[in-house]
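This is model28.cif. It holds mmCIF, C-alpha atoms.
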```cif
data_input
loop_
_atom_site.label_atom_id
_atom_site.label_comp_id
_atom_site.auth_asym_id
_atom_site.auth_seq_id
_atom_site.Cartn_x
_atom_site.Cartn_y
_atom_site.Cartn_z
CA MET G 607 62.85 -57.05 36.96
CA GLN G 608 61.27 -53.74 36.03
CA ARG G 609 57.76 -53.25 37.31
CA ALA G 610 56.39 -52.47 33.83
CA VAL G 611 57.77 -55.77 32.48
CA LEU G 612 56.39 -57.74 35.44
CA ASP G 613 52.93 -56.17 35.13
CA ARG G 614 52.89 -56.89 31.43
CA LEU G 615 53.89 -60.55 31.95
CA ILE G 616 51.10 -60.96 34.51
CA ALA G 617 48.55 -59.37 32.14
CA ASP G 618 49.74 -61.63 29.28
CA ARG G 619 49.34 -64.69 31.48
CA ALA G 620 45.79 -63.65 32.37
CA ALA G 621 45.00 -63.06 28.67
CA LYS G 622 46.68 -66.39 27.75
CA THR G 623 49.03 -64.59 25.35
CA PRO G 624 52.27 -66.47 24.58
CA VAL G 625 55.27 -64.22 25.31
CA ALA G 626 59.04 -64.57 25.74
CA SER G 627 60.97 -62.51 28.29
CA ILE G 628 64.59 -61.91 27.30
CA THR G 629 67.08 -60.97 30.04
CA GLU G 630 70.73 -59.97 29.61
CA LEU G 631 72.24 -61.71 32.62
CA GLY G 632 75.07 -59.19 33.19
CA SER G 633 73.04 -55.99 33.48
CA GLY G 634 69.55 -57.43 34.01
CA ALA G 635 68.28 -55.51 30.94
CA GLN G 636 64.97 -57.03 29.94
CA GLY G 637 62.60 -57.07 26.99
CA LEU G 638 59.51 -58.97 25.91
CA LEU G 639 58.84 -60.59 22.53
CA TYR G 640 55.49 -61.69 21.07
CA LEU G 641 54.67 -64.23 18.35
CA ASP G 642 53.99 -61.45 15.81
CA GLY G 643 57.49 -60.02 16.43
CA THR G 644 56.31 -57.08 18.56
CA THR G 645 58.70 -56.16 21.39
CA PHE G 646 58.43 -54.27 24.68
CA GLY G 647 60.96 -52.96 27.20
CA ASP G 648 64.75 -52.68 26.82
CA ALA G 649 66.31 -53.02 23.35
CA ILE G 650 67.53 -56.56 22.57
CA PRO G 651 69.99 -57.29 19.70
CA GLY G 652 68.34 -58.52 16.48
CA GLU G 653 70.26 -61.82 16.48
CA VAL G 654 68.92 -62.64 19.94
CA ILE G 655 65.39 -61.70 18.88
CA GLN G 656 65.69 -64.14 15.95
CA GLU G 657 66.70 -66.99 18.29
CA ALA G 658 63.97 -66.05 20.74
CA ARG G 659 61.32 -66.15 18.01
CA SER G 660 62.08 -69.76 17.19
CA ALA G 661 62.30 -70.60 20.93
CA LEU G 662 58.85 -69.07 21.40
CA ALA G 663 57.42 -71.09 18.52
CA SER G 664 58.94 -74.34 19.83
CA ASP G 665 58.13 -73.61 23.50
CA ARG G 666 61.72 -73.97 24.74
CA SER G 667 63.32 -71.67 27.32
CA GLY G 668 67.11 -71.40 27.40
CA PRO G 669 70.20 -69.19 27.20
CA VAL G 670 71.39 -67.48 23.99
CA GLU G 671 75.03 -66.31 23.66
CA GLN G 672 75.62 -63.20 21.58
CA GLY G 673 78.57 -60.78 21.41
CA GLY G 674 80.11 -62.07 24.63
CA ARG G 675 76.88 -61.66 26.58
CA THR G 676 74.39 -64.26 27.79
CA TYR G 677 70.68 -63.68 27.27
CA PHE G 678 68.09 -65.89 28.96
CA VAL G 679 65.00 -66.49 26.84
CA HIS G 680 62.10 -67.48 29.09
CA ILE G 681 58.97 -68.74 27.33
CA HIS G 682 55.74 -67.95 29.14
CA ASN G 683 53.06 -70.00 27.39
CA PRO G 684 49.46 -70.26 28.54
CA PRO G 685 48.81 -73.38 30.65
CA MET G 686 48.35 -76.76 28.95
CA ARG G 687 44.64 -77.63 28.74
CA LEU G 688 42.60 -80.67 29.70
CA ALA G 689 39.05 -81.23 28.46
CA VAL G 690 37.14 -83.93 30.35
CA VAL G 691 33.92 -85.23 28.81
CA GLY G 692 31.59 -86.59 31.49
CA ALA G 693 31.03 -84.84 34.82
CA VAL G 694 31.23 -88.14 36.69
CA HIS G 695 32.77 -89.12 40.04
CA ILE G 696 36.26 -89.75 38.56
CA THR G 697 36.09 -86.31 36.96
CA GLN G 698 35.71 -84.62 40.34
CA ALA G 699 39.09 -86.03 41.41
CA LEU G 700 40.69 -85.68 37.96
CA ALA G 701 39.74 -82.01 37.54
CA GLU G 702 41.32 -81.12 40.90
CA MET G 703 44.49 -83.13 40.34
CA ALA G 704 44.96 -81.74 36.82
CA THR G 705 44.55 -78.20 38.15
CA VAL G 706 47.28 -78.86 40.73
CA ALA G 707 49.47 -80.27 37.93
CA GLY G 708 49.10 -76.95 36.07
CA TYR G 709 46.36 -77.70 33.51
CA ALA G 710 43.49 -75.37 32.66
CA VAL G 711 40.58 -77.79 32.98
CA THR G 712 37.17 -77.73 31.26
CA VAL G 713 34.54 -80.31 32.21
CA ILE G 714 31.93 -81.02 29.53
CA ASP G 715 28.64 -82.85 30.09
CA PRO G 716 25.27 -82.10 28.46
CA ARG G 717 23.54 -83.97 31.31
CA ARG G 718 22.75 -81.14 33.68
CA ALA G 719 22.20 -83.54 36.58
CA PHE G 720 25.93 -84.32 36.42
CA ALA G 721 27.29 -80.96 35.28
CA GLN G 722 26.40 -79.04 38.43
CA ALA G 723 28.71 -76.22 39.45
CA GLU G 724 28.51 -77.36 43.11
CA ARG G 725 30.08 -80.66 42.13
CA PHE G 726 33.04 -78.84 40.55
CA PRO G 727 33.99 -75.85 42.68
CA SER G 728 36.27 -73.43 40.75
CA ILE G 729 36.35 -75.65 37.61
CA LYS G 730 34.96 -74.48 34.27
CA VAL G 731 31.88 -76.59 33.39
CA SER G 732 30.13 -76.67 30.00
CA THR G 733 26.69 -78.22 29.37
CA GLU G 734 27.05 -78.01 25.58
CA TRP G 735 27.19 -81.19 23.53
CA PRO G 736 30.81 -82.38 23.56
CA ASP G 737 31.42 -81.82 19.84
CA ASP G 738 30.12 -78.23 20.07
CA ALA G 739 32.04 -77.56 23.30
CA LEU G 740 35.28 -78.98 21.86
CA ASN G 741 34.87 -77.04 18.61
CA VAL G 742 34.73 -73.87 20.71
CA LEU G 743 37.75 -75.00 22.72
CA LYS G 744 39.77 -75.66 19.53
CA PRO G 745 42.07 -78.40 20.91
CA ASP G 746 45.72 -77.93 19.89
CA ARG G 747 48.99 -79.79 20.56
CA ARG G 748 48.98 -78.45 24.11
CA THR G 749 45.56 -79.97 24.85
CA ALA G 750 44.60 -83.35 26.35
CA ILE G 751 41.09 -84.80 25.93
CA VAL G 752 39.62 -87.52 28.14
CA THR G 753 36.15 -89.06 27.77
CA LEU G 754 34.68 -90.68 30.88
CA THR G 755 30.94 -91.22 30.32
CA HIS G 756 31.31 -94.57 28.45
CA ASP G 757 28.03 -93.55 26.81
CA PRO G 758 28.58 -93.66 23.01
CA LYS G 759 26.03 -90.87 22.53
CA ILE G 760 28.25 -88.49 24.49
CA ASP G 761 31.77 -89.90 24.13
CA ASP G 762 31.76 -90.64 20.38
CA PRO G 763 31.07 -87.09 19.14
CA ALA G 764 33.87 -85.88 21.43
CA LEU G 765 36.28 -88.50 20.09
CA GLU G 766 35.43 -87.56 16.50
CA VAL G 767 36.43 -83.93 17.18
CA ALA G 768 39.47 -85.06 19.20
CA LEU G 769 40.76 -87.29 16.38
CA LYS G 770 40.51 -84.43 13.89
CA SER G 771 42.52 -82.16 16.22
CA ASP G 772 46.21 -82.00 17.19
CA ALA G 773 45.46 -82.91 20.83
CA PHE G 774 48.63 -84.52 22.29
CA TYR G 775 46.62 -86.99 24.37
CA ILE G 776 43.25 -88.66 23.83
CA GLY G 777 41.99 -91.13 26.43
CA SER G 778 38.71 -92.97 26.75
CA LEU G 779 37.26 -94.83 29.73
CA GLY G 780 35.87 -98.31 29.25
CA SER G 781 36.84 -101.97 29.48
CA THR G 782 38.78 -103.65 26.71
CA ARG G 783 35.48 -104.94 25.26
CA THR G 784 33.81 -101.52 25.45
CA HIS G 785 36.86 -100.00 23.81
CA ALA G 786 36.86 -102.56 20.98
CA LYS G 787 33.21 -101.73 20.21
CA ARG G 788 34.02 -98.02 20.35
CA LEU G 789 36.85 -98.44 17.87
CA GLN G 790 34.54 -100.36 15.52
CA ARG G 791 31.96 -97.54 15.60
CA LEU G 792 34.68 -95.00 14.79
CA ARG G 793 36.04 -97.27 12.03
CA ASP G 794 32.52 -97.30 10.55
CA LYS G 795 32.64 -93.50 10.60
CA GLY G 796 35.74 -93.63 8.41
CA PHE G 797 38.63 -93.25 10.87
CA ASP G 798 41.67 -95.34 9.92
CA GLU G 799 43.82 -97.48 12.26
CA ARG G 800 46.49 -94.79 12.56
CA ALA G 801 43.91 -92.34 13.86
CA LEU G 802 42.34 -94.89 16.20
CA ALA G 803 45.75 -95.77 17.66
CA ARG G 804 45.85 -92.25 19.13
CA ILE G 805 43.10 -93.17 21.60
CA HIS G 806 44.41 -94.50 24.91
CA GLY G 807 41.89 -97.09 25.99
CA PRO G 808 41.28 -98.40 28.55
CA VAL G 809 42.32 -94.95 29.82
CA GLY G 810 45.23 -94.47 32.25
CA LEU G 811 48.34 -96.39 33.27
CA ASP G 812 47.68 -99.88 34.62
CA ILE G 813 48.39 -99.39 38.34
CA GLY G 814 45.46 -101.44 39.61
CA ALA G 815 43.43 -98.31 40.30
CA LEU G 816 39.99 -98.93 41.84
CA SER G 817 38.61 -95.78 43.48
CA PRO G 818 37.73 -92.66 41.47
CA ALA G 819 40.78 -90.86 42.90
CA GLU G 820 43.09 -93.75 42.01
CA ILE G 821 41.73 -93.87 38.46
CA ALA G 822 42.29 -90.09 38.23
CA ILE G 823 45.92 -90.64 39.33
CA SER G 824 46.39 -93.28 36.62
CA ILE G 825 44.99 -90.89 33.99
CA ILE G 826 47.17 -87.97 35.13
CA ALA G 827 50.16 -90.34 35.14
CA GLU G 828 49.48 -91.43 31.55
CA ILE G 829 48.99 -87.85 30.34
CA THR G 830 52.27 -86.89 32.04
CA LYS G 831 54.06 -89.82 30.43
CA ILE G 832 52.85 -88.89 26.95
CA ARG G 833 53.68 -85.22 27.52
CA ARG G 834 57.18 -85.75 28.90
CA MET G 835 58.36 -88.93 27.18
CA THR G 836 57.29 -88.39 23.59
CA GLY G 837 58.65 -85.95 21.03
CA ASP G 838 55.56 -83.82 20.55
CA ALA G 839 53.99 -81.32 22.91
CA ARG G 840 56.96 -81.32 25.26
CA ASP G 841 56.74 -78.39 27.62
CA GLU G 842 60.01 -78.07 29.49
CA ALA G 843 59.14 -74.78 31.13
CA ALA G 844 57.72 -74.92 34.62
CA MET X 808 50.21 -74.93 47.70
CA ASN X 809 53.46 -75.52 45.94
CA HIS X 810 52.93 -76.78 42.43
CA ASP X 811 53.29 -75.95 38.76
CA ALA X 812 50.12 -73.90 38.64
CA GLU X 813 51.32 -71.48 41.28
CA ASP X 814 51.59 -67.88 40.30
CA ILE X 815 55.18 -66.86 41.09
CA LEU X 816 55.06 -63.58 39.13
CA GLY X 817 51.68 -62.63 40.59
CA THR X 818 53.06 -63.27 44.07
CA ALA X 819 56.13 -61.13 43.30
CA ALA X 820 53.86 -58.27 42.25
CA SER X 821 51.56 -58.50 45.26
CA TRP X 822 54.44 -58.76 47.78
CA ARG X 823 56.09 -55.75 46.14
CA ALA X 824 52.82 -53.81 46.20
CA ALA X 825 52.60 -54.56 49.94
CA GLY X 826 55.90 -52.71 50.39
CA ARG X 827 58.19 -55.73 50.79
CA GLN X 828 61.62 -56.06 49.15
CA VAL X 829 61.35 -58.87 46.62
CA ALA X 830 63.76 -60.88 44.45
CA LEU X 831 63.15 -63.42 41.73
CA ALA X 832 65.41 -66.44 41.09
CA THR X 833 65.21 -68.30 37.77
CA VAL X 834 66.91 -71.50 36.58
CA VAL X 835 68.61 -70.45 33.31
CA THR X 836 70.81 -73.46 32.51
CA THR X 837 70.97 -77.06 33.70
CA TRP X 838 73.52 -79.81 33.14
CA GLY X 839 73.04 -83.47 33.99
CA SER X 840 70.34 -84.62 36.36
CA SER X 841 69.18 -81.35 37.88
CA PRO X 842 65.82 -81.58 39.62
CA ARG X 843 64.01 -78.54 38.21
CA PRO X 844 63.83 -77.60 34.51
CA VAL X 845 65.03 -74.37 32.90
CA GLY X 846 62.54 -71.59 33.61
CA SER X 847 61.68 -72.77 37.14
CA GLN X 848 61.31 -69.81 39.49
CA LEU X 849 61.38 -68.88 43.13
CA VAL X 850 60.18 -65.60 44.63
CA VAL X 851 61.57 -64.44 47.98
CA ASP X 852 61.08 -61.40 50.20
CA ASP X 853 63.44 -59.57 52.59
CA LYS X 854 62.35 -61.77 55.52
CA GLY X 855 63.18 -64.95 53.59
CA THR X 856 59.57 -65.96 52.93
CA PHE X 857 59.62 -67.81 49.61
CA LEU X 858 57.41 -69.61 47.11
CA GLY X 859 58.43 -71.93 44.27
CA SER X 860 61.75 -73.75 43.82
CA VAL X 861 64.93 -73.85 41.77
CA SER X 862 66.06 -77.32 42.93
CA GLY X 863 64.79 -80.16 45.07
CA GLY X 864 65.53 -78.15 48.20
CA CYS X 865 69.33 -78.44 47.91
CA ILE X 866 70.27 -74.85 47.09
CA GLU X 867 67.23 -72.78 48.08
CA GLY X 868 68.89 -71.68 51.34
CA ALA X 869 71.94 -70.31 49.53
CA VAL X 870 69.83 -68.71 46.79
CA ILE X 871 67.73 -66.90 49.42
CA GLN X 872 70.88 -65.51 51.11
CA GLU X 873 72.18 -64.23 47.77
CA ALA X 874 68.74 -62.84 46.96
CA LYS X 875 68.81 -60.70 50.10
CA ALA X 876 72.11 -59.16 48.92
CA VAL X 877 70.59 -58.55 45.48
CA MET X 878 67.59 -56.83 47.11
CA ARG X 879 69.96 -54.45 48.90
CA SER X 880 72.29 -53.69 45.97
CA GLY X 881 69.86 -53.91 43.05
CA THR X 882 72.61 -55.59 41.00
CA PRO X 883 71.54 -58.94 39.54
CA ARG X 884 73.72 -62.00 40.10
CA THR X 885 74.13 -65.29 38.29
CA LEU X 886 74.90 -68.18 40.64
CA GLU X 887 76.30 -71.58 39.73
CA PHE X 888 75.82 -74.71 41.80
CA GLY X 889 77.43 -78.06 41.10
CA VAL X 890 78.07 -81.34 42.80
CA SER X 891 78.49 -80.78 46.54
CA ASN X 892 81.87 -81.16 48.17
CA GLU X 893 81.08 -82.34 51.67
CA GLN X 894 84.53 -81.58 53.09
CA ALA X 895 84.44 -77.98 51.94
CA TRP X 896 80.90 -77.52 53.29
CA GLU X 897 79.85 -76.18 49.93
CA VAL X 898 76.26 -75.87 48.92
CA GLY X 899 75.65 -78.20 46.02
CA LEU X 900 73.36 -80.66 44.38
CA ALA X 901 73.36 -84.15 45.83
CA CYS X 902 71.95 -85.46 42.54
CA GLY X 903 75.23 -84.69 40.77
CA GLY X 904 73.70 -82.13 38.42
CA LYS X 905 74.70 -78.52 37.86
CA VAL X 906 72.49 -75.44 37.59
CA ARG X 907 72.89 -71.76 36.86
CA VAL X 908 70.42 -69.49 38.64
CA PHE X 909 69.79 -65.83 37.79
CA VAL X 910 68.75 -63.64 40.74
CA GLU X 911 67.24 -60.19 40.17
CA ARG X 912 65.51 -57.59 42.30
CA VAL X 913 61.85 -56.84 41.56
CA GLU X 914 61.73 -53.05 41.19
#
```
As structure tokens - that is how I would like this structure written.
Amino acid sequence: MQRAVLDRLIADRAAKTPVASITELGSGAQGLLYLDGTTFGDAIPGEVIQEARSALASDRSGPVEQGGRTYFVHIHNPPMRLAVVGAVHITQALAEMATVAGYAVTVIDPRRAFAQAERFPSIKVSTEWPDDALNVLKPDRRTAIVTLTHDPKIDDPALEVALKSDAFYIGSLGSTRTHAKRLQRLRDKGFDERALARIHGPVGLDIGALSPAEIAISIIAEITKIRRMTGDARDEAA
Amino acid sequence: MNHDAEDILGTAASWRAAGRQVALATVVTTWGSSPRPVGSQLVVDDKGTFLGSVSGGCIEGAVIQEAKAVMRSGTPRTLEFGVSNEQAWEVGLACGGKVRVFVERVE
């Protein structure tokens, strides 16, 4: 790999710019392709660029055969994101585990007593109201949103933004009874059953989790399941 | 740590900047039940220090040997690994899958 291409890929990753690297496997010739069609590096045949553009849009790395040569199209997308509403005990474990699993994590809690930086070393923490914070974050189909305060004042505004977004996973902490009441409040706000069915509640896979860390594992497991075993938001690349 | 958030390309750049010979291995095609998806990468230096993976530990040893040759020659190689044949002492994937791995020198 040429140094200029490597440096550029590293800069794109830091800037969270989606980019495809295209490598001709015989010679090692290499070019980069951006969403707007801009290219960088060695010249790549137009037919391969066309294939790479759709691969970039659909987030799928793979080989492209053209004129007897094999080109590898490698999609480098910014990390998947996880927004956690509620800087509670479970969140301390969840934020760390999600980071290890490759997510860019943001913890949101307007209660400053909870949202202390010391409680979340090296995690991004916002003390905005959840709806404001999420509107800034602009959740997309590569974003998961989890609410953990079980305080309607804080969780509900977050869920309202989440349900209007393309977030691939929405989960909400609370017992079956708490969740039923939550759904009723959202129904009263005008959300239909199809929208409400997007909320995973009680949050996480049922693995008998008790401790904050175990509950975090069950949540990560459920997010992974939705990401890998459903059609949308699949991210095959490492 | 060895996980999905690790920065393989950043590591390649910093090892190279420190004067080491470096190669990058990338999974470009998989068939059947291969353990790591397309796009998975491993970075290795001339001493065999490596980070990342291209399988569940089945073929890394062979990939690292090939990577050392690629570091010397500068010519990239595409390696194919399939089901292991125990009698022939071949390196292969116990899971029964097949992978193609592209190995290139970091200039």
Tell me which of G:Gly674, G:Pro684, G:Gly652, G:Pro736 sits closest to chain X, counting only C-alpha atoms.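 Nearest candidate to chain X out of G:Gly674, G:Pro684, G:Gly652, G:Pro736: G:Pro684.
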Once the PyMOL selection byres ((chain G) within 7 of (chain X)) has been evaluated on this model, what residues remain selected, and can you format them as a ChimeraX atom specification? /G:607-609,616,631,633-634,667-669,678,680,706-708,842-844
Would you put the residues from that selection into a file with C-alpha atoms, as a PDB file, keeping the file's coordinate frame?
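Final file, again-v4.pdb:
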```pdb
ATOM      1  CA  MET G 607      62.850 -57.050  36.960  1.00  0.00           C
ATOM      2  CA  GLN G 608      61.270 -53.740  36.030  1.00  0.00           C
ATOM      3  CA  ARG G 609      57.760 -53.250  37.310  1.00  0.00           C
ATOM      4  CA  ILE G 616      51.100 -60.960  34.510  1.00  0.00           C
ATOM      5  CA  LEU G 631      72.240 -61.710  32.620  1.00  0.00           C
ATOM      6  CA  SER G 633      73.040 -55.990  33.480  1.00  0.00           C
ATOM      7  CA  GLY G 634      69.550 -57.430  34.010  1.00  0.00           C
ATOM      8  CA  SER G 667      63.320 -71.670  27.320  1.00  0.00           C
ATOM      9  CA  GLY G 668      67.110 -71.400  27.400  1.00  0.00           C
ATOM     10  CA  PRO G 669      70.200 -69.190  27.200  1.00  0.00           C
ATOM     11  CA  PHE G 678      68.090 -65.890  28.960  1.00  0.00           C
ATOM     12  CA  HIS G 680      62.100 -67.480  29.090  1.00  0.00           C
ATOM     13  CA  VAL G 706      47.280 -78.860  40.730  1.00  0.00           C
ATOM     14  CA  ALA G 707      49.470 -80.270  37.930  1.00  0.00           C
ATOM     15  CA  GLY G 708      49.100 -76.950  36.070  1.00  0.00           C
ATOM     16  CA  GLU G 842      60.010 -78.070  29.490  1.00  0.00           C
ATOM     17  CA  ALA G 843      59.140 -74.780  31.130  1.00  0.00           C
ATOM     18  CA  ALA G 844      57.720 -74.920  34.620  1.00  0.00           C
TER      19      ALA G 844
END
```
With all atoms listed in the file counted, which protein, DNA or RNA residues have an atom no more than 12 Å from (62.3, -71.9, 49.3) in the file frame? Please answer as a PyMOL selection string. chain X and resi 809+815+831-832+848-852+854-872+874
One decimal, Å: what's the distance from atom CA of Val908 of chain X over to atom CA of Pro685 of chain G, could you say? 23.4 Å
Starting from the PyMOL selection byres ((chain G and resi 829) around 9), expand the selection into actual residues of this file and give them as a list of chain:residue names.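 When the PyMOL selection byres ((chain G and resi 829) around 9) is applied to the shown file, the picked residues are G:Ala750, G:Phe774, G:Tyr775, G:Ile776, G:Gly777, G:Gly810, G:Ser824, G:Ile825, G:Ile826, G:Ala827, G:Glu828, G:Thr830, G:Lys831, G:Ile832, G:Arg833, G:Arg834.
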For Ser732 of chain G, which residue out of G:Thr753, G:Gln698, G:Arg747, G:Gly692 is the nearest one, using all atoms listed in the file?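 Smallest separation from Ser732 of chain G among the options: G:Gly692.
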Quick one: residues within 12 Å of Leu740 of chain G, only C-alpha atoms, excluding same-chain residues fewer than 2 positions away - as a ChimeraX atom specification? /G:687-691,712-715,732-738,742-746,749-753,761,763-771,773
In Å, rounded to a single decimal, give me how far atom CA of Leu754 of chain G is from atom CA of Leu779 of chain G.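 Rounded to one decimal, the two atoms are 5.0 Å apart.
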Nearby residues (all atoms listed in the file) at most 9 Å from segment 724-726 of chain G, same-chain spacing under 2 positions excluded, as a PyMOL selection string: chain G and resi 693+697-698+701-702+713+720-722+728-731
Computed interatomic separation between atom CA of Arg659 of chain G and atom CA of Val711 of chain G (Å):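 One can read the atom CA of Arg659 of chain G to atom CA of Val711 of chain G distance as 28.1 Å.
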Here is a test: counting all atoms listed in the file, which residue of G:Ala663, G:Ile628, G:Leu789, G:Ile823 is nearest to Asn683 of chain G?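 Of all the options, G:Ala663 lies closest to Asn683 of chain G.
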The PyMOL selection byres ((chain G and resi 615) around 10) applied to the shown file, residues as an mmCIF file with C-alpha atoms, keeping the file's coordinate frame:
```cif
data_model
loop_
_atom_site.group_PDB
_atom_site.id
_atom_site.type_symbol
_atom_site.label_atom_id
_atom_site.label_comp_id
_atom_site.auth_asym_id
_atom_site.auth_seq_id
_atom_site.Cartn_x
_atom_site.Cartn_y
_atom_site.Cartn_z
ATOM 1 C CA ARG G 609 57.760 -53.250 37.310
ATOM 2 C CA ALA G 610 56.390 -52.470 33.830
ATOM 3 C CA VAL G 611 57.770 -55.770 32.480
ATOM 4 C CA LEU G 612 56.390 -57.740 35.440
ATOM 5 C CA ASP G 613 52.930 -56.170 35.130
ATOM 6 C CA ARG G 614 52.890 -56.890 31.430
ATOM 7 C CA ILE G 616 51.100 -60.960 34.510
ATOM 8 C CA ALA G 617 48.550 -59.370 32.140
ATOM 9 C CA ASP G 618 49.740 -61.630 29.280
ATOM 10 C CA ARG G 619 49.340 -64.690 31.480
ATOM 11 C CA ALA G 620 45.790 -63.650 32.370
ATOM 12 C CA ALA G 621 45.000 -63.060 28.670
ATOM 13 C CA THR G 623 49.030 -64.590 25.350
ATOM 14 C CA PRO G 624 52.270 -66.470 24.580
ATOM 15 C CA VAL G 625 55.270 -64.220 25.310
ATOM 16 C CA ALA G 626 59.040 -64.570 25.740
ATOM 17 C CA SER G 627 60.970 -62.510 28.290
ATOM 18 C CA LEU G 638 59.510 -58.970 25.910
ATOM 19 C CA HIS G 682 55.740 -67.950 29.140
ATOM 20 C CA LEU X 816 55.060 -63.580 39.130
ATOM 21 C CA GLY X 817 51.680 -62.630 40.590
#
```
Pick from G:Met703, G:Leu662, G:Leu641, G:Val809, whichever lies nearest to Ser781 of chain G using all atoms listed in the file: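 The answer is G:Val809, which sits nearest to Ser781 of chain G.
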Pick out the closest residue to Asp665 of chain G from this set: G:Arg748, G:Arg718, G:Arg783, G:Lys759. Count all atoms listed in the file.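 Of G:Arg748, G:Arg718, G:Arg783, G:Lys759, the one nearest Asp665 of chain G, counting all atoms listed in the file, is G:Arg748.
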Some atoms are absent from segment 829-841 of chain X, so rebuild N, CA and C atoms and return them as a compact mmCIF listing (two decimals), keeping the file's coordinate frame.
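What ended up in out.txt:
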```txt
# COMPACT_ATOMS: atom_id res chain seq x y z
N VAL X 829 61.61 -57.59 47.26
CA VAL X 829 61.35 -58.87 46.62
C VAL X 829 62.44 -59.18 45.60
N ALA X 830 62.85 -60.44 45.51
CA ALA X 830 63.76 -60.88 44.45
C ALA X 830 63.19 -62.13 43.79
N LEU X 831 63.62 -62.31 42.54
CA LEU X 831 63.15 -63.42 41.73
C LEU X 831 64.37 -64.23 41.32
N ALA X 832 64.32 -65.55 41.52
CA ALA X 832 65.41 -66.44 41.09
C ALA X 832 64.87 -67.35 40.00
N THR X 833 65.65 -67.50 38.92
CA THR X 833 65.21 -68.30 37.77
C THR X 833 66.30 -69.26 37.34
N VAL X 834 65.96 -70.53 37.13
CA VAL X 834 66.91 -71.50 36.58
C VAL X 834 67.12 -71.16 35.10
N VAL X 835 68.37 -70.82 34.71
CA VAL X 835 68.61 -70.45 33.31
C VAL X 835 69.36 -71.53 32.52
N THR X 836 70.12 -72.37 33.20
CA THR X 836 70.81 -73.46 32.51
C THR X 836 70.88 -74.66 33.45
N THR X 837 70.77 -75.85 32.90
CA THR X 837 70.97 -77.06 33.70
C THR X 837 71.90 -78.00 32.94
N TRP X 838 72.70 -78.75 33.71
CA TRP X 838 73.52 -79.81 33.14
C TRP X 838 73.27 -81.08 33.93
N GLY X 839 73.20 -82.21 33.27
CA GLY X 839 73.04 -83.47 33.99
C GLY X 839 71.68 -83.57 34.65
N SER X 840 71.63 -84.29 35.77
CA SER X 840 70.34 -84.62 36.36
C SER X 840 69.90 -83.59 37.40
N SER X 841 69.65 -82.36 36.94
CA SER X 841 69.18 -81.35 37.88
C SER X 841 67.67 -81.51 38.06
```
